[in-house]
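In what follows, a single structure is set out as structure tokens and then discussed.
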Amino acid sequence: MAFANPSVSDIVATTIENRSRKLADNTTKNNALLRRLEQRGNVRTVSGGSIILEEIMFAENANAGWYSGYDLLPVAAQDMISAAQFDLKQAACPVVWSGLDMLRNAGKEQMIDLLEGRIKASEATMMNLIAQGIYSDGLGAGGKQIIGLQAAVPVSGLTGVYGGIDRGTWAFWRPQSSTAAAALTPATVQAEFNNKWASLVRGSDRPDLIVVDNFMWGIYVASLQALQRFTNPDTAKLGFPSLLYMDADIVLDGGIGGYAVAKTAYFLNTKYLHWRPHAERNMVPLNPTKRYAINQDAEVQILAFAGALTCSGQMFQGRLTSP
């Protein structure tokens with residue numbers, strides 16, 4: 001198939017390839033949770049396999065105990081380690097060019113201008129797709145959507161299977177989810193936050209990120225006195241409106257077109273959350289980079305992602321919902 005400008009195909013391919021190197025990084029910066037996971041070093045690629053495993057310690061060693069002198073020490077085998085498993089989920093965004101587009105933009109400068117616009121739009125679409133997936137239950141698109149916080153920290157944390165482990169059977173795999181008895185107000189929100197926080201603290205383990213929607217943000221801000229508004233400058237530099245509660249960042253992930261769940265605050269211990277993109281599908285162009293329609297005068301370049309949001313500590317994650 002001959003195009004009006006043969007070099008256009010190469011321009012499209014190389015531009016997408018060069019920009020995709022930055023896209024994965026921009027995607028994490030576009031989401032408060034993914035940005036925190038990146039800061040913690042919890043963005044780890046996977047190189048292969050049909051599932052992603054996250055090792056978990058679900059029991060203590062029952063052999064531990066006090067002894068004196070020649071007491072016999074217990075040496076019974078202990079089953080303490082298991083693993084949660086997560087499926088790779090895939091996403092793609094094709095960038096399409098018709099032969100007519102190429103004819104109309106045959107000049108190099110014109111082509112680059114048009115190309116930049118289409119690729120930027122595609123990148124923004126992919127970032128929004130991932131951001132939406134971070135809050136999903138994984139049931140969207142016929143179950144092909146990434147499994148996000150709606151499944152990791154659901155309204156009820158007492159039942160359901162997550163990561164292949166049944167919460168109804170294993171208490172250690174239950175997040176601390178609750179719904180307030182009455183609609184939260186500026187007068188009641190801090191007491192509810194205090195109770196939720198206390199239920200998630202174990203030694204040095206505690207929430208470090210609280211993600212809220214517009215409603216929760218509004219009533220929490222309204223509950224504060226002017227001199228009590230503490231912000232984290234590091235988080236503010238990332239472009240996310242934030243406040244501090246205890247030593248955790250409260251981040252607004254709502255606003256215009258946000259995907260945060262309505263009337264919900266997620267109390268997250270990101271030590272136990274992980275972003276696991278596939279090493280060969282982390283916002284990159286699919287091979288072959290040049291794809292031509294058989295029965296159309298068109299070319300397609302495809303940006304692709306595969307990976308999962310995983311959790312290795314359910315009991316340390318919390319959710320507070322206002323009715």
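Ligands are numbered from 1 in the order shown, chains are lettered A, B, ... in the order of the structure tokens, and residues start at 1 in each chain.
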request  = Please identify all polymer residues within 12 Å of Ile256 (chain A), counting only C-alpha atoms, omitting same-chain residues fewer than 3 positions from it, and present them as a PyMOL selection string.
outcome  = chain A and resi 213-214+252-253+259-260
Please produce an output containing N, CA and C atoms for each residue in the selection, written as an mmCIF file, in the first residue's frame.
```cif
data_model
loop_
_atom_site.group_PDB
_atom_site.id
_atom_site.type_symbol
_atom_site.label_atom_id
_atom_site.label_comp_id
_atom_site.auth_asym_id
_atom_site.auth_seq_id
_atom_site.Cartn_x
_atom_site.Cartn_y
_atom_site.Cartn_z
ATOM 1 N N ASP A 213 -13.276 11.996 47.879
ATOM 2 C CA ASP A 213 -13.992 12.652 46.783
ATOM 3 C C ASP A 213 -14.344 14.086 47.203
ATOM 4 N N ASN A 214 -15.063 14.779 46.348
ATOM 5 C CA ASN A 214 -15.405 16.178 46.614
ATOM 6 C C ASN A 214 -16.198 16.352 47.901
ATOM 7 N N LEU A 252 -7.430 15.097 47.578
ATOM 8 C CA LEU A 252 -8.649 15.203 46.780
ATOM 9 C C LEU A 252 -8.391 14.589 45.415
ATOM 10 N N ASP A 253 -9.094 13.524 45.124
ATOM 11 C CA ASP A 253 -8.980 12.901 43.806
ATOM 12 C C ASP A 253 -10.339 12.965 43.109
ATOM 13 N N TYR A 259 -12.555 10.311 39.341
ATOM 14 C CA TYR A 259 -13.150 8.985 39.429
ATOM 15 C C TYR A 259 -13.297 8.496 40.860
ATOM 16 N N ALA A 260 -12.947 9.340 41.840
ATOM 17 C CA ALA A 260 -13.091 8.936 43.228
ATOM 18 C C ALA A 260 -14.546 8.571 43.519
#
```
Near-Ala262 (chain A) list (9 Å; only C-alpha atoms; drop same-chain fewer than 6 positions) as a CSV table (one decimal) with N, CA and C atoms, in the first residue's frame:
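See part-v2.csv below for the written result:
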```csv
chain,number,residue,atom,x,y,z
A,212,VAL,N,-10.0,11.0,49.0
A,212,VAL,CA,-11.4,11.4,49.2
A,212,VAL,C,-12.0,12.0,47.9
A,213,ASP,N,-13.3,12.0,47.9
A,213,ASP,CA,-14.0,12.7,46.8
A,213,ASP,C,-14.3,14.1,47.2
A,214,ASN,N,-15.1,14.8,46.3
A,214,ASN,CA,-15.4,16.2,46.6
A,214,ASN,C,-16.2,16.4,47.9
A,215,PHE,N,-17.2,15.4,48.2
A,215,PHE,CA,-18.0,15.6,49.3
A,215,PHE,C,-17.2,15.4,50.6
A,216,MET,N,-16.4,14.4,50.7
A,216,MET,CA,-15.6,14.2,51.9
A,216,MET,C,-14.5,15.3,52.1
A,254,GLY,N,-11.0,14.1,43.3
A,254,GLY,CA,-12.3,14.3,42.7
A,254,GLY,C,-12.2,15.4,41.7
A,321,THR,N,-17.6,5.4,54.5
A,321,THR,CA,-18.6,5.9,53.6
A,321,THR,C,-19.6,6.6,54.3
A,322,SER,N,-20.1,7.7,53.7
A,322,SER,CA,-21.2,8.5,54.3
A,322,SER,C,-22.5,8.1,53.6
```
Please identify the strand (DSSP E or B) residues within region 52-280 of chain A (assignment by DSSP from backbone atoms) and present them as a PyMOL selection string. chain A and resi 52-57+81-87+89-98+137+147+161-162+165-166+176-179+202+205+209-212+242-245+248-252+264-268+273-280
Sort by chain and increasing residue number a table of all residues of region 166-279 of chain A within 10 Å of region 306-320 of chain A, each with its closest pair of atoms and their distance in Å to one decimal, counting only C-alpha atoms, and write it as a Markdown table.
```
| residue | atom | partner | partner_atom | distance |
| --- | --- | --- | --- | --- |
| A:Arg167 | CA | A:Gln314 | CA | 9.6 |
| A:Ala171 | CA | A:Met315 | CA | 8.4 |
| A:Phe172 | CA | A:Met315 | CA | 6.0 |
| A:Trp173 | CA | A:Gln314 | CA | 5.0 |
| A:Arg174 | CA | A:Met315 | CA | 5.4 |
| A:Pro175 | CA | A:Met315 | CA | 4.6 |
| A:Gln176 | CA | A:Gly318 | CA | 4.5 |
| A:Ser177 | CA | A:Arg319 | CA | 4.5 |
| A:Ser178 | CA | A:Leu320 | CA | 5.3 |
| A:Thr179 | CA | A:Leu320 | CA | 5.8 |
| A:Ala180 | CA | A:Leu320 | CA | 7.2 |
| A:Glu192 | CA | A:Leu320 | CA | 8.0 |
| A:Phe193 | CA | A:Leu320 | CA | 7.9 |
| A:Asn195 | CA | A:Leu320 | CA | 9.9 |
| A:Lys196 | CA | A:Gly318 | CA | 7.1 |
| A:Trp197 | CA | A:Gly318 | CA | 8.2 |
| A:Ser199 | CA | A:Gly318 | CA | 8.3 |
| A:Leu200 | CA | A:Phe316 | CA | 5.4 |
| A:Val201 | CA | A:Phe316 | CA | 7.5 |
| A:Arg202 | CA | A:Phe316 | CA | 8.4 |
| A:Asp205 | CA | A:Phe316 | CA | 7.6 |
| A:Arg206 | CA | A:Phe316 | CA | 7.1 |
| A:Pro207 | CA | A:Phe316 | CA | 7.4 |
| A:Ile210 | CA | A:Gly318 | CA | 9.2 |
| A:Val211 | CA | A:Arg319 | CA | 9.6 |
| A:Val212 | CA | A:Leu320 | CA | 9.6 |
| A:Met216 | CA | A:Leu320 | CA | 9.7 |
| A:Lys263 | CA | A:Leu320 | CA | 8.4 |
| A:Thr264 | CA | A:Leu320 | CA | 5.8 |
| A:Ala265 | CA | A:Leu320 | CA | 5.2 |
| A:Tyr266 | CA | A:Arg319 | CA | 4.6 |
| A:Phe267 | CA | A:Gly318 | CA | 4.7 |
| A:Leu268 | CA | A:Gln317 | CA | 5.0 |
| A:Asn269 | CA | A:Gln317 | CA | 5.9 |
| A:Thr270 | CA | A:Gln317 | CA | 8.5 |
| A:Lys271 | CA | A:Gly313 | CA | 8.4 |
| A:Tyr272 | CA | A:Ser312 | CA | 5.1 |
| A:Leu273 | CA | A:Cys311 | CA | 4.5 |
| A:His274 | CA | A:Thr310 | CA | 5.1 |
| A:Trp275 | CA | A:Leu309 | CA | 4.8 |
| A:Arg276 | CA | A:Ala308 | CA | 5.2 |
| A:Pro277 | CA | A:Gly307 | CA | 4.0 |
| A:His278 | CA | A:Gly307 | CA | 5.3 |
| A:Ala279 | CA | A:Ala306 | CA | 8.7 |
```
inquiry  = Need to verify the contact set: region 83-97 of chain A, 7 Å, only C-alpha atoms, exclusion of same-chain residues closer than 3 positions in sequence. Can you return it as a list in words?
reply    =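 So, after excluding close chain neighbours, the residues are Ser50, Ile51, Ile52, Leu53, Glu54, Glu55, Ile56, Asp101, Ile119, Ser122, Met126, Lys144, Gln145, Ile146, Gly163, Gly164, Ile165, Ala298, Glu299, Val300, Gln301, Ile302, Leu303, Ala304, Phe305, Ala306, Gly307, Ala308 and Thr310 of chain A.
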CA of Asp297 (chain A) sits from CA of Ser98 (chain A) at a separation of 5.8 Å
Discussion item. Among region 72-168 of chain A, which residues does DSSP mark as alpha helix (DSSP H) when it is run on the backbone? Keep the chain and numbering as in the structure and answer as number ranges by chain.
Written reply: A: 99-104, 108-134, 140-143, 149-152
Using only C-alpha atoms, the shortest atom-to-atom distance to Ile134 (chain A) among A:Ala121, A:Val284, A:Leu149, A:Leu209 belongs to A:Leu149
CA of Gly148 (chain A) sits from CA of Val261 (chain A) at a separation of 11.4 Å
note - CA of Ile130 (chain A) and CA of Asn42 (chain A) are separated by 16.7 Å
Neighbour list for Val75 (chain A) as a list in words, cut-off 12 Å, only C-alpha atoms, skip fewer than 3 positions in-chain =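 Listing them by chain and then by number gives Asn61, Ala62, Asn63, Ala64, Gly65, Leu72 and Gln78 of chain A.
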